[in-house]
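Take a look at the structure set out below.
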Amino acid sequence: MKRLYEEKKACCGCGACVDVCRKDVVRMVIDREGFRYPKIDGGLCVDCRRCEDVCPVKKQSTKKEVSRQYFAVQAMDEKVRYASSSGGMFPILAEYVFRQQGVVYGAAFDKNMRVVHREIRGREELDSVKRTKYVQSSMKGIYRKIETRLKKEQWVLFCGTPCQAEGLRRYLKQPYPRLILADLVCYGVPSPGIWRDYVKYLEGKYGGKMMDFSFRDKRMHDSGHTCSYVIGGQEHSGSLFADSYCGMYFTNHILRPSCHDCKFCTMERNSDITIGDFWGIEKVKPEIDDGMGTSLVILHTEKAREIWEAVRDETFWFCCEEKDVLQPRLTEPTEAAKSRGFFMAFYRMLPFSLLLGLYKTLASGRAWIRKLKK
């Protein structure tokens with residue numbers, strides 16, 4: 001059986017290899033940690049090597065010398081900003097594309113709370129892709145859909161992780177003047193399998209079907225450090241850091257192996273625009289830090305600068321220096337937890353409820369140790 005990777009860290013799970021295969025012999029399968037990896041039907045493979053050529057990990061592109069621009073951005077419309085994870089730059093870009101009769105692609109929950117990239121054709125659907133989802137999204141079929149739209153000369157905005165954006169760029173093979181490629185400042189992608197198990201656990205606990213989950217709820221004006229979810233028509237909310245799933249994520253126990261060896265944790269991107277949270281805004285410009293979020297925006301291309309000129313009047317913004325916007329995920333990958341291997345071994349062996357209980361016990365112990373050290 002032909003393999004596209006030798007080590008798990010050599011596959012980012014972007015899925016471009018699936019869509020590029022004209023024989024449809026590549027499919028994504030779930031491993032024992034809950035991540036999707038490509039599998040090739042060797043008997044039907046014609047060895048065209050398109051799957052290798054499209055891989056953003058195997059085929060590292062030469063970065064071009066560009067004059068980047070850096071901005072702190074807050075949507076002028078408070079409703080837009082409140083409904084976004086950071087300052088609202090993504091919906092502003094989306095509205096620009098809708099005005100050109102274009103389409104937008106972003107990550108959304110499906111009816112079973114799985115995270116998938118989907119096509120959005122108008123502002124009435126935009127809420128589903130606005131907020132951050134701390135789960136790796138499925139891109140099945142999306143590369144092909146985007147190519148079809150672009151060949152019809154439609155405007156397209158794609159927003160995703162840097163590896164997904166690079167996978168799309170390599171898939172398309174040529175530049176398209178009406179494609180806006182936006183990537184994210186990415187901490188790393190957690191396991192879709194563990195997210196699935198967590199949803200089932202919460203549904204069992206509260207006796208209903210989960211209909212929504214907000215990882216970055218702003219109701220407390222705390223820069224999105226509240227999470228909330230709706231199960232069986234009942235809303236539940238609490239601290240982002242008290243949530244078990246988010247705790248496993250931010251302690252680096254459930255990130256994809258490739259995220260700990262990520263080649264995209266740098267300012268140098270092949271996208272048009274990079275967007276993310278402007279962490280550290282309270283040091284750069286404390287008077288605008290109101291706990292409702294600020295977007296970091298990095299412009300890499302002339303196309304991005306032209307679009308920025310068209311939309312900037314919809315925002316409060318100011319220019320920054322590179323030193324003002326530097327944050328860990330723009331300089332180096334997220335380091336794996338030392339106990340990640342043990343955690344994943346327990347995930348494979350234990351019922352999920354017992355795994356959560358074990359994690360909560362360990363997390364509580366670490367909290368007490370930190371208190372004693374103070």
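Chain lettering (A, B, ...) mirrors the order of the structure tokens, residue numbering begins at 1 for each chain separately, and ligand numbering begins at 1 in order of display.
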If we count only C-alpha atoms, what is near Val325 (chain A) at a cut-off of 10 Å, once residues fewer than 6 positions away on the same chain are taken out, given as a PyMOL selection string?
chain A and resi 70-72+267+277-281+284+296-298
Just to be explicit: take each residue in the selection above, keep N, CA, C and O atoms, and write the result as a PDB file, in the first residue's frame.
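Everything below was put into selection03.pdb:
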ATOM      1  N   TYR A  70       1.272  45.881   8.549  1.00  0.00           N
ATOM      2  CA  TYR A  70       0.661  45.340   9.758  1.00  0.00           C
ATOM      3  C   TYR A  70      -0.345  46.340  10.325  1.00  0.00           C
ATOM      4  O   TYR A  70      -0.059  47.532  10.436  1.00  0.00           O
ATOM      5  N   PHE A  71      -1.516  45.819  10.708  1.00  0.00           N
ATOM      6  CA  PHE A  71      -2.568  46.678  11.232  1.00  0.00           C
ATOM      7  C   PHE A  71      -3.256  46.035  12.432  1.00  0.00           C
ATOM      8  O   PHE A  71      -3.370  44.805  12.519  1.00  0.00           O
ATOM      9  N   ALA A  72      -3.714  46.887  13.332  1.00  0.00           N
ATOM     10  CA  ALA A  72      -4.676  46.483  14.360  1.00  0.00           C
ATOM     11  C   ALA A  72      -6.030  46.982  13.881  1.00  0.00           C
ATOM     12  O   ALA A  72      -6.154  48.144  13.471  1.00  0.00           O
ATOM     13  N   MET A 267       6.207  34.827   9.763  1.00  0.00           N
ATOM     14  CA  MET A 267       5.572  35.952   9.092  1.00  0.00           C
ATOM     15  C   MET A 267       5.466  35.707   7.592  1.00  0.00           C
ATOM     16  O   MET A 267       4.606  36.278   6.913  1.00  0.00           O
ATOM     17  N   ASP A 277      -6.016  37.038  16.294  1.00  0.00           N
ATOM     18  CA  ASP A 277      -6.180  37.894  17.466  1.00  0.00           C
ATOM     19  C   ASP A 277      -4.935  38.760  17.643  1.00  0.00           C
ATOM     20  O   ASP A 277      -3.811  38.274  17.495  1.00  0.00           O
ATOM     21  N   PHE A 278      -5.143  40.011  17.992  1.00  0.00           N
ATOM     22  CA  PHE A 278      -4.005  40.892  18.283  1.00  0.00           C
ATOM     23  C   PHE A 278      -3.694  40.764  19.776  1.00  0.00           C
ATOM     24  O   PHE A 278      -4.062  41.616  20.582  1.00  0.00           O
ATOM     25  N   TRP A 279      -3.025  39.660  20.111  1.00  0.00           N
ATOM     26  CA  TRP A 279      -2.604  39.496  21.498  1.00  0.00           C
ATOM     27  C   TRP A 279      -1.523  40.520  21.823  1.00  0.00           C
ATOM     28  O   TRP A 279      -0.592  40.726  21.056  1.00  0.00           O
ATOM     29  N   GLY A 280      -1.667  41.176  22.945  1.00  0.00           N
ATOM     30  CA  GLY A 280      -0.710  42.200  23.343  1.00  0.00           C
ATOM     31  C   GLY A 280      -1.145  43.608  22.998  1.00  0.00           C
ATOM     32  O   GLY A 280      -0.375  44.556  23.169  1.00  0.00           O
ATOM     33  N   ILE A 281      -2.398  43.762  22.546  1.00  0.00           N
ATOM     34  CA  ILE A 281      -2.880  45.095  22.206  1.00  0.00           C
ATOM     35  C   ILE A 281      -2.876  46.017  23.423  1.00  0.00           C
ATOM     36  O   ILE A 281      -2.693  47.226  23.304  1.00  0.00           O
ATOM     37  N   VAL A 284       0.435  47.732  23.322  1.00  0.00           N
ATOM     38  CA  VAL A 284       0.692  48.594  22.163  1.00  0.00           C
ATOM     39  C   VAL A 284      -0.209  49.826  22.167  1.00  0.00           C
ATOM     40  O   VAL A 284       0.238  50.940  21.928  1.00  0.00           O
ATOM     41  N   LEU A 296      -5.547  41.256  14.373  1.00  0.00           N
ATOM     42  CA  LEU A 296      -4.244  41.489  13.763  1.00  0.00           C
ATOM     43  C   LEU A 296      -4.407  41.195  12.274  1.00  0.00           C
ATOM     44  O   LEU A 296      -4.921  40.143  11.894  1.00  0.00           O
ATOM     45  N   VAL A 297      -3.988  42.123  11.437  1.00  0.00           N
ATOM     46  CA  VAL A 297      -4.097  41.949   9.986  1.00  0.00           C
ATOM     47  C   VAL A 297      -2.721  42.192   9.374  1.00  0.00           C
ATOM     48  O   VAL A 297      -2.098  43.230   9.612  1.00  0.00           O
ATOM     49  N   ILE A 298      -2.255  41.209   8.595  1.00  0.00           N
ATOM     50  CA  ILE A 298      -0.976  41.336   7.890  1.00  0.00           C
ATOM     51  C   ILE A 298      -1.266  41.234   6.394  1.00  0.00           C
ATOM     52  O   ILE A 298      -1.851  40.250   5.927  1.00  0.00           O
TER      53      ILE A 298
END
- [ ] From the DSSP assignment of the backbone, select every residue of region 83-138 of chain A that is strand (DSSP E), and format the answer as a ChimeraX atom specification.
- [x] /A:103-109,115-120
How would the residues just chosen look if you wrote them out with N, CA, C and O atoms as a short mmCIF file (atom, residue, chain, number, x, y, z; two decimals), in the first residue's frame?
data_model
loop_
_atom_site.label_atom_id
_atom_site.label_comp_id
_atom_site.auth_asym_id
_atom_site.auth_seq_id
_atom_site.Cartn_x
_atom_site.Cartn_y
_atom_site.Cartn_z
N VAL A 103 -18.37 34.22 -3.46
CA VAL A 103 -18.69 33.25 -2.41
C VAL A 103 -17.53 33.19 -1.41
O VAL A 103 -16.40 33.55 -1.72
N VAL A 104 -17.85 32.70 -0.22
CA VAL A 104 -16.90 32.65 0.89
C VAL A 104 -16.81 31.21 1.40
O VAL A 104 -17.82 30.51 1.47
N TYR A 105 -15.61 30.79 1.75
CA TYR A 105 -15.40 29.46 2.32
C TYR A 105 -14.75 29.59 3.68
O TYR A 105 -13.70 30.24 3.83
N GLY A 106 -15.37 28.98 4.69
CA GLY A 106 -14.84 29.00 6.05
C GLY A 106 -15.33 27.79 6.83
O GLY A 106 -16.13 26.99 6.33
N ALA A 107 -14.85 27.65 8.05
CA ALA A 107 -15.17 26.49 8.88
C ALA A 107 -16.49 26.69 9.63
O ALA A 107 -16.73 27.75 10.21
N ALA A 108 -17.33 25.66 9.60
CA ALA A 108 -18.64 25.72 10.24
C ALA A 108 -18.96 24.37 10.88
O ALA A 108 -18.35 23.34 10.55
N PHE A 109 -19.92 24.36 11.81
CA PHE A 109 -20.44 23.11 12.34
C PHE A 109 -21.49 22.56 11.39
O PHE A 109 -22.34 23.32 10.90
N VAL A 115 -16.83 19.73 12.37
CA VAL A 115 -16.35 20.98 11.79
C VAL A 115 -15.92 20.71 10.35
O VAL A 115 -15.05 19.87 10.09
N VAL A 116 -16.55 21.41 9.43
CA VAL A 116 -16.29 21.24 8.00
C VAL A 116 -16.18 22.61 7.35
O VAL A 116 -16.81 23.57 7.77
N HIS A 117 -15.37 22.69 6.31
CA HIS A 117 -15.39 23.92 5.50
C HIS A 117 -16.62 23.87 4.61
O HIS A 117 -16.97 22.81 4.07
N ARG A 118 -17.29 25.00 4.48
CA ARG A 118 -18.48 25.06 3.65
C ARG A 118 -18.52 26.35 2.85
O ARG A 118 -17.82 27.32 3.17
N GLU A 119 -19.33 26.33 1.81
CA GLU A 119 -19.49 27.50 0.94
C GLU A 119 -20.63 28.37 1.46
O GLU A 119 -21.71 27.88 1.77
N ILE A 120 -20.36 29.67 1.55
CA ILE A 120 -21.35 30.65 2.00
C ILE A 120 -21.63 31.61 0.84
O ILE A 120 -20.70 32.20 0.28
#
One residue among A:Thr266, A:Ser86, A:Ser223, A:Thr274 is nearest to Thr331 (chain A) when using only C-alpha atoms, and that residue is A:Thr266
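Take CA of Lys218 (chain A) and CA of His236 (chain A): the distance between them is 14.0 Å.
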Wanna dump the region 236-276 of chain A-region 32-43 of chain A contacts at 12 Å for me, each residue with its shortest atom pair and the distance in Å to one decimal, counting only C-alpha atoms, ordered by chain and number, as a Markdown table?
| residue | atom | partner | partner_atom | distance |
| --- | --- | --- | --- | --- |
| A:His253 | CA | A:Glu33 | CA | 10.8 |
| A:Ile254 | CA | A:Glu33 | CA | 8.3 |
| A:Leu255 | CA | A:Phe35 | CA | 9.3 |
| A:Arg256 | CA | A:Phe35 | CA | 7.1 |
| A:Pro257 | CA | A:Phe35 | CA | 9.5 |
| A:Ser258 | CA | A:Phe35 | CA | 10.9 |
Print the selection's residues with C-alpha atoms to a file, as an mmCIF file, in the first residue's frame.
data_model
loop_
_atom_site.group_PDB
_atom_site.id
_atom_site.type_symbol
_atom_site.label_atom_id
_atom_site.label_comp_id
_atom_site.auth_asym_id
_atom_site.auth_seq_id
_atom_site.Cartn_x
_atom_site.Cartn_y
_atom_site.Cartn_z
ATOM 1 C CA HIS A 253 -2.296 17.349 24.681
ATOM 2 C CA ILE A 254 -4.584 17.001 21.655
ATOM 3 C CA LEU A 255 -2.854 18.836 18.801
ATOM 4 C CA ARG A 256 -1.996 17.121 15.537
ATOM 5 C CA PRO A 257 1.633 15.850 15.479
ATOM 6 C CA SER A 258 2.447 18.021 12.448
#
Report task. Show which residues sit within 9 Å of Ser244 (chain A), as a PyMOL selection string. Count only C-alpha atoms, and ignore same-chain residues fewer than 4 positions away. Result -> chain A and resi 198+240+248-249+356+359-360
